[in-house]
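The file protein19.tsv comes next; it holds TSV, C-alpha atoms.
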chain	number	residue	atom	x	y	z
A	1	MET	CA	-18.45	6.55	30.61
A	2	ARG	CA	-21.87	5.12	29.79
A	3	THR	CA	-21.41	2.34	27.26
A	4	ALA	CA	-25.01	1.96	26.12
A	5	THR	CA	-25.50	5.53	24.97
A	6	PRO	CA	-24.02	6.94	21.74
A	7	LEU	CA	-21.14	9.24	22.61
A	8	HIS	CA	-19.12	11.61	20.43
A	9	PRO	CA	-15.40	12.29	21.07
A	10	THR	CA	-16.17	15.97	21.72
A	11	GLU	CA	-18.28	14.85	24.71
A	12	MET	CA	-15.44	12.84	26.27
A	13	ASN	CA	-12.90	14.17	28.71
A	14	ARG	CA	-9.19	13.64	28.09
A	15	TRP	CA	-8.97	10.32	29.91
A	16	GLN	CA	-12.12	8.93	28.31
A	17	LEU	CA	-10.85	9.86	24.86
A	18	GLY	CA	-7.46	8.29	25.57
A	19	PHE	CA	-9.07	5.05	26.73
A	20	PHE	CA	-11.39	5.12	23.70
A	21	VAL	CA	-8.44	5.44	21.29
A	22	LEU	CA	-6.52	2.73	23.18
A	23	ILE	CA	-9.41	0.28	22.82
A	24	LEU	CA	-9.81	1.00	19.10
A	25	GLY	CA	-6.06	0.60	18.66
A	26	ALA	CA	-6.14	-2.78	20.39
A	27	LEU	CA	-9.01	-3.91	18.17
A	28	THR	CA	-7.09	-2.97	15.03
A	29	ALA	CA	-4.03	-4.83	16.37
A	30	PHE	CA	-5.72	-8.24	16.53
A	31	SER	CA	-4.48	-9.27	13.10
A	32	ALA	CA	-0.89	-8.15	13.69
A	33	MET	CA	-0.73	-9.77	17.13
A	34	SER	CA	-2.27	-13.01	15.89
A	35	ILE	CA	0.17	-13.31	12.99
A	36	ASP	CA	3.42	-11.68	14.02
A	37	MET	CA	3.74	-13.21	17.47
A	38	TYR	CA	4.07	-16.82	16.33
A	39	LEU	CA	6.32	-16.17	13.30
A	40	PRO	CA	9.54	-17.06	15.20
A	41	ALA	CA	7.92	-20.38	16.16
A	42	PHE	CA	7.42	-21.65	12.59
A	43	PRO	CA	10.38	-24.07	12.56
A	44	GLN	CA	9.52	-25.43	16.02
A	45	MET	CA	5.83	-25.88	15.14
A	46	SER	CA	6.81	-27.73	11.97
A	47	ARG	CA	8.89	-30.18	13.99
A	48	ASP	CA	6.41	-30.66	16.85
A	49	LEU	CA	3.37	-31.18	14.60
A	50	HIS	CA	5.37	-33.31	12.12
A	51	VAL	CA	4.29	-31.22	9.14
A	52	PRO	CA	6.26	-29.38	6.42
A	53	LEU	CA	7.17	-25.77	7.07
A	54	SER	CA	4.89	-24.83	4.15
A	55	THR	CA	1.89	-26.13	6.16
A	56	VAL	CA	2.72	-23.81	9.05
A	57	GLN	CA	3.20	-20.95	6.56
A	58	LEU	CA	-0.23	-21.79	5.17
A	59	SER	CA	-1.73	-21.06	8.59
A	60	VAL	CA	-0.99	-17.37	7.93
A	61	SER	CA	-3.07	-17.45	4.75
A	62	ALA	CA	-5.74	-19.48	6.55
A	63	PHE	CA	-5.99	-16.71	9.15
A	64	LEU	CA	-6.26	-14.05	6.45
A	65	PHE	CA	-8.97	-15.89	4.51
A	66	GLY	CA	-10.82	-16.47	7.79
A	67	SER	CA	-10.61	-12.75	8.51
A	68	ALA	CA	-12.00	-11.98	5.06
A	69	LEU	CA	-14.95	-14.33	5.62
A	70	GLY	CA	-15.63	-13.18	9.17
A	71	GLN	CA	-15.69	-9.50	8.33
A	72	LEU	CA	-18.48	-10.03	5.78
A	73	PHE	CA	-20.56	-11.55	8.57
A	74	TYR	CA	-20.09	-8.69	11.03
A	75	GLY	CA	-20.85	-5.80	8.66
A	76	PRO	CA	-24.64	-6.25	8.39
A	77	LEU	CA	-24.88	-7.14	12.08
A	78	ALA	CA	-23.08	-3.94	13.03
A	79	ASP	CA	-25.43	-1.83	10.89
A	80	ARG	CA	-28.52	-3.55	12.30
A	81	TRP	CA	-27.70	-4.06	15.99
A	82	GLY	CA	-25.08	-1.37	16.62
A	83	ARG	CA	-21.35	-1.74	17.07
A	84	ARG	CA	-21.00	-3.24	20.54
A	85	LEU	CA	-22.97	-6.51	20.44
A	86	PRO	CA	-21.29	-7.99	17.31
A	87	LEU	CA	-17.92	-6.93	18.70
A	88	LEU	CA	-18.40	-8.75	22.01
A	89	MET	CA	-19.61	-11.87	20.17
A	90	GLY	CA	-16.56	-11.88	17.92
A	91	LEU	CA	-14.05	-11.35	20.72
A	92	SER	CA	-15.58	-14.25	22.67
A	93	LEU	CA	-15.09	-16.54	19.66
A	94	TYR	CA	-11.51	-15.30	19.28
A	95	VAL	CA	-10.62	-16.26	22.86
A	96	ALA	CA	-12.13	-19.75	22.52
A	97	ALA	CA	-10.44	-20.42	19.16
A	98	THR	CA	-7.05	-19.21	20.40
A	99	ILE	CA	-7.21	-21.73	23.22
A	100	GLY	CA	-7.99	-24.33	20.55
A	101	CYS	CA	-4.81	-23.34	18.68
A	102	ALA	CA	-2.76	-23.87	21.84
A	103	LEU	CA	-4.03	-27.45	22.15
A	104	VAL	CA	-3.77	-28.71	18.55
A	105	LYS	CA	-2.04	-32.00	17.72
A	106	SER	CA	-2.02	-31.83	13.91
A	107	GLY	CA	-1.54	-29.45	11.02
A	108	GLU	CA	-5.19	-29.83	9.98
A	109	ALA	CA	-6.41	-28.84	13.44
A	110	LEU	CA	-4.07	-25.85	13.42
A	111	LEU	CA	-5.57	-24.59	10.15
A	112	PHE	CA	-9.13	-25.10	11.44
A	113	TRP	CA	-8.61	-23.19	14.69
A	114	ARG	CA	-6.65	-20.45	12.94
A	115	ILE	CA	-9.64	-19.85	10.66
A	116	ALA	CA	-12.02	-19.77	13.66
A	117	MET	CA	-9.61	-17.43	15.46
A	118	ALA	CA	-9.63	-15.12	12.45
A	119	VAL	CA	-13.43	-15.11	12.17
A	120	GLY	CA	-13.65	-13.98	15.78
A	121	GLY	CA	-10.90	-11.38	15.50
A	122	GLY	CA	-12.48	-9.96	12.35
A	123	ALA	CA	-15.10	-8.26	14.52
A	124	GLY	CA	-12.49	-5.93	15.99
A	125	MET	CA	-11.24	-4.81	12.59
A	126	VAL	CA	-14.75	-4.17	11.18
A	127	ILE	CA	-16.09	-2.38	14.24
A	128	SER	CA	-13.04	-0.15	14.75
A	129	ARG	CA	-13.24	1.22	11.18
A	130	ALA	CA	-17.01	1.66	11.42
A	131	VAL	CA	-16.74	3.56	14.71
A	132	VAL	CA	-14.19	5.98	13.21
A	133	ARG	CA	-16.46	6.54	10.19
A	134	ASP	CA	-19.42	7.12	12.53
A	135	LEU	CA	-17.61	9.93	14.32
A	136	TYR	CA	-15.21	11.65	11.87
A	137	ASP	CA	-15.13	13.21	8.38
A	138	THR	CA	-12.63	12.08	5.72
A	139	THR	CA	-9.54	14.09	6.73
A	140	GLU	CA	-10.13	13.65	10.45
A	141	ALA	CA	-10.74	9.95	9.87
A	142	ALA	CA	-7.38	9.69	8.08
A	143	ARG	CA	-5.73	11.36	11.09
A	144	MET	CA	-7.50	9.00	13.47
A	145	PHE	CA	-6.50	5.93	11.45
A	146	SER	CA	-2.91	7.21	11.58
A	147	LEU	CA	-3.19	7.54	15.36
A	148	LEU	CA	-4.58	4.02	15.62
A	149	MET	CA	-1.63	2.77	13.59
A	150	LEU	CA	0.65	4.18	16.29
A	151	ILE	CA	-1.00	1.80	18.75
A	152	MET	CA	-1.44	-1.02	16.25
A	153	GLY	CA	2.17	-0.63	15.17
A	154	ILE	CA	3.41	-1.60	18.61
A	155	ALA	CA	2.23	-5.14	17.85
A	156	PRO	CA	4.67	-5.84	14.98
A	157	ILE	CA	7.47	-4.48	17.17
A	158	LEU	CA	6.74	-6.32	20.40
A	159	ALA	CA	4.94	-9.42	19.09
A	160	PRO	CA	7.86	-11.16	17.31
A	161	ILE	CA	10.25	-10.21	20.13
A	162	GLY	CA	7.80	-11.41	22.78
A	163	GLY	CA	7.04	-14.51	20.74
A	164	GLY	CA	10.73	-15.32	20.46
A	165	GLN	CA	11.21	-14.97	24.21
A	166	LEU	CA	8.10	-17.01	25.03
A	167	LEU	CA	9.41	-19.66	22.67
A	168	LEU	CA	12.39	-20.13	24.98
A	169	VAL	CA	10.24	-20.42	28.11
A	170	THR	CA	6.90	-21.97	27.16
A	171	GLY	CA	7.29	-23.22	23.58
A	172	TRP	CA	4.94	-22.22	20.80
A	173	ARG	CA	1.81	-23.27	22.70
A	174	GLY	CA	2.50	-20.60	25.29
A	175	ILE	CA	2.36	-17.97	22.53
A	176	PHE	CA	-1.25	-18.87	21.81
A	177	GLY	CA	-1.97	-18.89	25.53
A	178	PHE	CA	-0.73	-15.31	25.72
A	179	LEU	CA	-2.91	-14.34	22.75
A	180	ALA	CA	-5.95	-15.82	24.51
A	181	ILE	CA	-5.23	-13.60	27.53
A	182	PHE	CA	-4.83	-10.57	25.23
A	183	GLY	CA	-8.22	-11.35	23.67
A	184	LEU	CA	-9.85	-11.72	27.09
A	185	ILE	CA	-8.48	-8.37	28.28
A	186	SER	CA	-9.68	-6.70	25.07
A	187	LEU	CA	-13.13	-8.25	25.52
A	188	PHE	CA	-13.39	-6.87	29.04
A	189	ALA	CA	-12.12	-3.42	28.02
A	190	ALA	CA	-14.59	-3.20	25.12
A	191	ALA	CA	-17.49	-4.32	27.32
A	192	VAL	CA	-16.68	-1.72	29.98
A	193	GLY	CA	-15.19	1.22	28.09
A	194	LEU	CA	-16.30	1.33	24.45
A	195	PRO	CA	-19.31	3.59	23.86
A	196	GLU	CA	-21.92	2.83	21.21
A	197	SER	CA	-21.27	5.09	18.21
A	198	LEU	CA	-24.34	4.23	16.11
A	199	PRO	CA	-27.60	5.75	17.45
A	200	SER	CA	-30.69	3.56	17.16
A	201	GLU	CA	-32.32	5.93	14.64
A	202	ARG	CA	-29.42	5.38	12.21
A	203	ARG	CA	-29.58	1.60	12.35
A	204	HIS	CA	-31.04	-0.47	9.51
A	205	ARG	CA	-34.25	-2.29	10.41
A	206	ARG	CA	-34.42	-4.31	7.21
A	207	SER	CA	-34.07	-8.10	7.02
A	208	MET	CA	-30.65	-9.70	6.84
A	209	VAL	CA	-31.28	-10.64	3.19
A	210	GLU	CA	-31.92	-6.99	2.36
A	211	MET	CA	-28.88	-6.01	4.38
A	212	LEU	CA	-26.71	-8.40	2.38
A	213	LYS	CA	-27.87	-6.71	-0.82
A	214	VAL	CA	-25.91	-3.68	0.35
A	215	TYR	CA	-22.77	-5.59	-0.61
A	216	GLY	CA	-24.05	-5.78	-4.17
A	217	HIS	CA	-24.42	-2.00	-4.28
A	218	LEU	CA	-20.95	-1.55	-2.83
A	219	VAL	CA	-19.38	-3.80	-5.46
A	220	GLN	CA	-21.08	-1.75	-8.17
A	221	ASN	CA	-19.55	1.45	-6.78
A	222	ARG	CA	-16.39	1.71	-8.90
A	223	HIS	CA	-14.95	4.49	-6.75
A	224	TYR	CA	-15.19	2.39	-3.59
A	225	LEU	CA	-14.16	-0.87	-5.26
A	226	ARG	CA	-10.94	0.50	-6.74
A	227	TYR	CA	-9.89	1.99	-3.42
A	228	ALA	CA	-10.67	-1.36	-1.79
A	229	ILE	CA	-8.49	-3.19	-4.34
A	230	ALA	CA	-5.70	-0.68	-3.77
A	231	LEU	CA	-5.93	-1.30	-0.01
A	232	GLY	CA	-5.88	-5.05	-0.66
A	233	CYS	CA	-2.67	-4.64	-2.63
A	234	VAL	CA	-1.13	-2.80	0.33
A	235	ALA	CA	-2.05	-5.81	2.45
A	236	GLY	CA	-0.52	-8.03	-0.24
A	237	VAL	CA	2.81	-6.23	0.15
A	238	ASN	CA	2.75	-6.66	3.92
A	239	PHE	CA	1.61	-10.27	4.01
A	240	ALA	CA	4.01	-11.36	1.29
A	241	TYR	CA	6.72	-9.99	3.58
A	242	ILE	CA	5.19	-11.62	6.68
A	243	SER	CA	4.85	-15.03	5.01
A	244	GLY	CA	8.31	-14.99	3.48
A	245	ALA	CA	10.33	-13.24	6.20
A	246	PRO	CA	10.75	-16.26	8.57
A	247	PHE	CA	12.36	-18.29	5.77
A	248	VAL	CA	14.36	-15.41	4.28
A	249	PHE	CA	15.70	-14.21	7.63
A	250	ILE	CA	15.94	-17.38	9.73
A	251	GLU	CA	16.63	-20.11	7.18
A	252	LEU	CA	18.27	-18.27	4.28
A	253	HIS	CA	20.34	-15.72	6.20
A	254	GLU	CA	20.73	-17.75	9.45
A	255	VAL	CA	19.18	-15.15	11.76
A	256	SER	CA	18.15	-16.67	15.12
A	257	PRO	CA	14.43	-16.64	16.07
A	258	GLN	CA	15.24	-14.11	18.80
A	259	GLN	CA	17.22	-11.83	16.48
A	260	PHE	CA	14.47	-12.14	13.90
A	261	GLY	CA	12.16	-10.28	16.27
A	262	TYR	CA	14.51	-7.31	16.34
A	263	PHE	CA	14.84	-7.18	12.55
A	264	PHE	CA	11.05	-7.32	12.35
A	265	ALA	CA	10.80	-4.52	14.91
A	266	VAL	CA	12.98	-2.16	12.86
A	267	ASN	CA	10.64	-2.46	9.89
A	268	ALA	CA	7.63	-1.98	12.16
A	269	PHE	CA	9.19	1.21	13.56
A	270	GLY	CA	9.46	2.51	10.00
A	271	LEU	CA	5.79	1.80	9.36
A	272	ILE	CA	4.74	3.49	12.60
A	273	GLY	CA	6.93	6.51	11.97
A	274	ALA	CA	5.48	6.97	8.50
A	275	SER	CA	1.92	6.76	9.82
A	276	GLN	CA	2.65	9.56	12.29
A	277	VAL	CA	4.32	11.71	9.61
A	278	ASN	CA	1.06	11.26	7.72
A	279	ARG	CA	-0.81	13.25	10.38
A	280	THR	CA	1.48	16.20	9.66
A	281	LEU	CA	1.32	15.78	5.88
A	282	LEU	CA	-2.49	15.91	5.99
A	283	ARG	CA	-2.27	19.56	7.04
A	284	ARG	CA	-0.86	20.42	3.60
A	285	TYR	CA	-1.86	17.62	1.26
A	286	SER	CA	-5.00	15.62	0.56
A	287	PRO	CA	-5.22	11.88	1.36
A	288	GLN	CA	-5.30	11.17	-2.40
A	289	GLN	CA	-2.06	13.10	-3.04
A	290	ILE	CA	-0.23	11.39	-0.20
A	291	ALA	CA	-1.44	7.96	-1.26
A	292	ARG	CA	-0.34	8.39	-4.89
A	293	THR	CA	3.19	9.45	-4.01
A	294	SER	CA	3.52	6.73	-1.38
A	295	PHE	CA	2.37	4.00	-3.76
A	296	LEU	CA	4.80	5.18	-6.42
A	297	VAL	CA	7.72	4.92	-3.98
A	298	ASN	CA	6.42	1.55	-2.75
A	299	ALA	CA	6.20	0.09	-6.26
A	300	LEU	CA	9.64	1.34	-7.30
A	301	SER	CA	11.22	-0.01	-4.11
A	302	GLY	CA	9.57	-3.38	-4.69
A	303	LEU	CA	10.93	-3.60	-8.24
A	304	LEU	CA	14.45	-2.68	-7.10
A	305	LEU	CA	14.18	-5.19	-4.25
A	306	THR	CA	13.26	-7.93	-6.72
A	307	ALA	CA	16.19	-7.04	-8.96
A	308	CYS	CA	18.58	-7.21	-6.00
A	309	SER	CA	17.26	-10.54	-4.77
A	310	TYR	CA	17.52	-12.01	-8.30
A	311	THR	CA	21.06	-10.78	-9.01
A	312	GLY	CA	22.42	-10.83	-5.46
A	313	PHE	CA	23.60	-7.24	-5.89
A	314	GLY	CA	24.09	-5.46	-2.57
A	315	GLY	CA	23.47	-8.60	-0.53
A	316	PHE	CA	21.19	-8.85	2.48
A	317	GLN	CA	21.92	-5.27	3.56
A	318	LEU	CA	20.60	-3.58	0.40
A	319	GLN	CA	17.60	-5.90	0.27
A	320	GLY	CA	16.86	-4.90	3.86
A	321	ILE	CA	16.87	-1.21	2.90
A	322	PHE	CA	14.35	-1.75	0.11
A	323	ILE	CA	12.15	-3.92	2.36
A	324	PHE	CA	12.23	-1.14	4.96
A	325	THR	CA	11.23	1.47	2.33
A	326	CYS	CA	8.34	-0.66	1.04
A	327	LEU	CA	6.94	-1.16	4.53
A	328	CYS	CA	7.36	2.50	5.49
A	329	MET	CA	5.15	3.48	2.57
A	330	THR	CA	2.39	1.16	3.78
A	331	GLY	CA	2.27	3.28	6.93
A	332	LEU	CA	1.18	6.19	4.73
A	333	LEU	CA	-1.09	4.12	2.52
A	334	TYR	CA	-3.28	2.32	5.05
A	335	PRO	CA	-4.86	5.34	6.78
A	336	ASN	CA	-5.36	7.46	3.67
A	337	ILE	CA	-6.84	4.77	1.42
A	338	THR	CA	-9.09	3.53	4.22
A	339	ALA	CA	-10.44	7.04	4.80
A	340	LEU	CA	-10.96	7.60	1.05
A	341	ALA	CA	-12.83	4.32	0.63
A	342	MET	CA	-15.10	4.88	3.65
A	343	ALA	CA	-15.82	8.57	3.00
A	344	PRO	CA	-19.06	8.24	0.97
A	345	PHE	CA	-20.79	5.96	3.48
A	346	ASP	CA	-22.73	6.89	6.58
A	347	LYS	CA	-25.64	4.56	7.29
A	348	ALA	CA	-23.90	1.55	5.71
A	349	ALA	CA	-20.52	2.18	7.33
A	350	GLY	CA	-20.50	-1.28	8.94
A	351	SER	CA	-21.07	-3.07	5.65
A	352	ALA	CA	-18.61	-0.80	3.83
A	353	SER	CA	-16.00	-1.51	6.51
A	354	ALA	CA	-16.67	-5.26	6.33
A	355	LEU	CA	-16.35	-5.52	2.55
A	356	LEU	CA	-13.28	-3.30	2.63
A	357	GLY	CA	-11.68	-5.64	5.14
A	358	THR	CA	-12.75	-8.72	3.19
A	359	ILE	CA	-11.15	-7.47	-0.02
A	360	GLN	CA	-8.10	-6.32	1.91
A	361	TYR	CA	-7.56	-9.67	3.60
A	362	THR	CA	-8.46	-11.76	0.56
A	363	LEU	CA	-5.83	-10.01	-1.54
A	364	GLY	CA	-3.43	-9.97	1.39
A	365	ALA	CA	-3.91	-13.72	1.92
A	366	SER	CA	-3.43	-14.29	-1.80
A	367	GLY	CA	-0.12	-12.46	-1.64
A	368	GLY	CA	0.99	-14.56	1.33
A	369	ALA	CA	-0.19	-17.81	-0.29
A	370	LEU	CA	1.62	-16.93	-3.53
A	371	VAL	CA	4.90	-16.70	-1.62
A	372	GLY	CA	4.36	-20.22	-0.28
A	373	LEU	CA	3.32	-21.65	-3.64
A	374	LEU	CA	6.35	-20.17	-5.42
A	375	HIS	CA	8.79	-21.25	-2.68
A	376	ASN	CA	12.06	-22.20	-4.37
A	377	GLY	CA	14.67	-21.78	-1.67
A	378	THR	CA	15.42	-18.12	-2.51
A	379	ALA	CA	14.06	-14.71	-1.49
A	380	LEU	CA	12.62	-14.12	-4.97
A	381	PRO	CA	9.05	-15.38	-4.28
A	382	MET	CA	8.68	-12.88	-1.43
A	383	THR	CA	10.30	-9.92	-3.17
A	384	ALA	CA	8.58	-10.45	-6.54
A	385	THR	CA	5.18	-10.73	-4.85
A	386	MET	CA	5.81	-7.50	-2.95
A	387	ALA	CA	6.70	-5.75	-6.22
A	388	LEU	CA	3.65	-7.17	-8.02
A	389	CYS	CA	1.25	-6.04	-5.28
A	390	GLY	CA	2.80	-2.56	-5.12
A	391	SER	CA	2.53	-2.05	-8.87
A	392	ALA	CA	-1.06	-3.35	-9.04
A	393	GLY	CA	-2.08	-1.17	-6.10
A	394	LEU	CA	-0.67	1.93	-7.75
A	395	ALA	CA	-2.69	1.19	-10.89
A	396	ALA	CA	-5.89	0.70	-8.86
A	397	LEU	CA	-5.34	3.94	-6.93
A	398	ILE	CA	-4.80	5.95	-10.12
A	399	ALA	CA	-7.95	4.40	-11.59
A	400	ALA	CA	-9.95	5.28	-8.46
A	401	GLY	CA	-8.89	8.92	-8.75
A	402	ARG	CA	-10.31	9.06	-12.27
A	403	VAL	CA	-13.79	7.95	-11.16
A	404	SER	CA	-15.91	10.90	-10.15
A	405	SER	CA	-17.54	10.81	-6.74
A	406	PRO	CA	-19.94	13.32	-5.21
A	407	HIS	CA	-18.18	12.85	-1.89
A	408	ARG	CA	-14.72	13.80	-3.00

Once you've parsed the file, please lay out its structure as structure tokens.
Amino acid sequence: MRTATPLHPTEMNRWQLGFFVLILGALTAFSAMSIDMYLPAFPQMSRDLHVPLSTVQLSVSAFLFGSALGQLFYGPLADRWGRRLPLLMGLSLYVAATIGCALVKSGEALLFWRIAMAVGGGAGMVISRAVVRDLYDTTEAARMFSLLMLIMGIAPILAPIGGGQLLLVTGWRGIFGFLAIFGLISLFAAAVGLPESLPSERRHRRSMVEMLKVYGHLVQNRHYLRYAIALGCVAGVNFAYISGAPFVFIELHEVSPQQFGYFFAVNAFGLIGASQVNRTLLRRYSPQQIARTSFLVNALSGLLLTACSYTGFGGFQLQGIFIFTCLCMTGLLYPNITALAMAPFDKAAGSASALLGTIQYTLGASGGALVGLLHNGTALPMTATMALCGSAGLAALIAAGRVSSPHR
């Protein structure tokens, strides 16, 4: 496979296409791997660094805000220089910053290196979405994003389990060492096996200042912006769960760090399964129809979850069912809303992908931070934030459907 020449999936043989999808899946998994793998280590990190547990929880939000910032940077670069060069730069930064995380001695240093780690990893998320938009139309893009979620979804299953086991052998620093190796392997695979998807004639030759003005036009596009907010609310549901789950499971319900990984895996299986059902549903329904129904179920489940956590009705078991339902729906929401938001953009796909990711991670980080700020020793901060994000996302999605677009 020649990596310097633009290549379309129809020109690849079966093995090339499989490797291509595997690389894109790994790039989309950077966020999940970087967050989920060290979740079981929160209590140990708090003790070793002599900081409150809330400081370690804040490192999740720091990573998300760093991802939001980093993705804005890569968008214009990807539209000007192609997809490969910014990607390789970002992955190199990710590896260096992850090593920094493994060596920290204080909570402040942890937050700094987590932000740097996120800025580097943001390249993978921007470029993977842009490459899919370069090569596929809206419905096919939704199918491809669902396929990538199959690969990406392995991370939430294996990462907490692997992190829990590494915790027994190497301590929490070994978890970051493993992530550095994962980043290095991804860097090598992208350098060798990822073809350039943006031909030189489709690249922007304007100055960086002019390229940044594209963001202004995107923000003024109400159709795009409302889909982006809806996607950010989906992230808010997930990251409220991610931020609150270690306390709710390990501290509140006395689940061991190792068992926590298995509980986490069950919910990840639900998300993956839903994303693959989405590929079948797309044969009969539009991405907009699937997204609306999924968000409705997500919002209702979140409200019932909050009621159960407030009253104690049904105990941990019923709360677990509603958490599972909420997360399953995000497996349907991510691919369809992403495809709908990216559909109108061709030449500015990199910038559209970057801003989409920035809004997604900003709102997702806000959801995670809100859980920490409202911490009161109960599950209510997590569950109420999940319900709030689900309800707000449903409203944004309905509003987006009412805005006319020539690309619908």

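Look at Leu64 of chain A: the protein and nucleic acid residues within 8 Å of it, using all atoms listed in the file and passing over chain neighbours fewer than 2 places away, are Val60, Ser61, Ala62, Gly66, Ser67, Ala68, Ile115, Ala118, Tyr361, Thr362, Gly364 and Ala365 of chain A.
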
Can you tell me which residues surround Leu166 of chain A at a distance of at most 10 Å, considering all atoms listed in the file, apart from same-chain residues fewer than 3 positions away, and format the answer as number ranges by chain? A: 37-38, 40-41, 160-163, 169-175, 178, 258

Tell me, counting all atoms listed in the file, for each residue of segment 114-213 of chain A within 10 Å of segment 337-349 of chain A, which pair of atoms is nearest and how far apart they are in Å to one decimal, in rows ordered by chain and increasing number, as a tab-separated table.
residue	atom	partner	partner_atom	distance
A:Val126	CA	A:Ala349	CA	9.4
A:Ile127	CA	A:Ala349	CA	9.4
A:Arg129	CA	A:Ala349	CA	8.3
A:Ala130	CA	A:Ala349	CA	5.4
A:Val131	CA	A:Ala349	CA	8.4
A:Val132	CA	A:Ala339	CA	9.3
A:Arg133	CA	A:Ala349	CA	6.6
A:Asp134	CA	A:Asp346	CA	6.8
A:Leu135	CA	A:Asp346	CA	9.8
A:Tyr136	CA	A:Ala343	CA	9.4
A:Asp137	CA	A:Ala343	CA	7.1
A:Thr138	CA	A:Ala343	CA	5.5
A:Thr139	CA	A:Ala339	CA	7.4
A:Glu140	CA	A:Ala339	CA	8.7
A:Ala141	CA	A:Ala339	CA	5.9
A:Ala142	CA	A:Ala339	CA	5.2
A:Arg143	CA	A:Ala339	CA	9.0
A:Met144	CA	A:Ala339	CA	9.4
A:Phe145	CA	A:Ala339	CA	7.8
A:Leu198	CA	A:Lys347	CA	8.9
A:Arg202	CA	A:Lys347	CA	6.3
A:Arg203	CA	A:Lys347	CA	7.1
A:His204	CA	A:Lys347	CA	7.7
A:Met211	CA	A:Ala348	CA	9.2

For Arg83 of chain A: contacts at 10 Å, only C-alpha atoms, fewer than 6 positions along chain excluded, given as a ChimeraX atom specification: /A:74-75,77,123-124,126-128,130-131,194-199,350

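Among the candidates A:Val237, A:Ala29, A:Ala180, A:Ile321, the one nearest to Pro381 of chain A when counting only C-alpha atoms is A:Val237.
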
I'd like to know which of A:Ala189, A:Leu370, A:Ala265, A:Cys328 is closest to Leu24 of chain A, using all atoms listed in the file. A:Ala189

Closest pair table for segment 202-272 of chain A residues within 12 Å of segment 301-308 of chain A, all atoms listed in the file, as JSON lines:
{"residue": "A:Val234", "atom": "CA", "partner": "A:Gly302", "partner_atom": "CA", "distance": 11.8}
{"residue": "A:Gly236", "atom": "CA", "partner": "A:Gly302", "partner_atom": "CA", "distance": 12.0}
{"residue": "A:Val237", "atom": "CA", "partner": "A:Gly302", "partner_atom": "CA", "distance": 8.8}
{"residue": "A:Asn238", "atom": "CA", "partner": "A:Gly302", "partner_atom": "CA", "distance": 11.5}
{"residue": "A:Ala240", "atom": "CA", "partner": "A:Gly302", "partner_atom": "CA", "distance": 11.4}
{"residue": "A:Tyr241", "atom": "CA", "partner": "A:Gly302", "partner_atom": "CA", "distance": 11.0}

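With atom CA of Gly367 of chain A on one side and atom CA of Ser31 of chain A on the other, the separation reads 15.7 Å.
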
Interatomic distance (Å, one decimal) between atom CA of Gly121 of chain A and atom CA of Ala235 of chain A: 16.7 Å
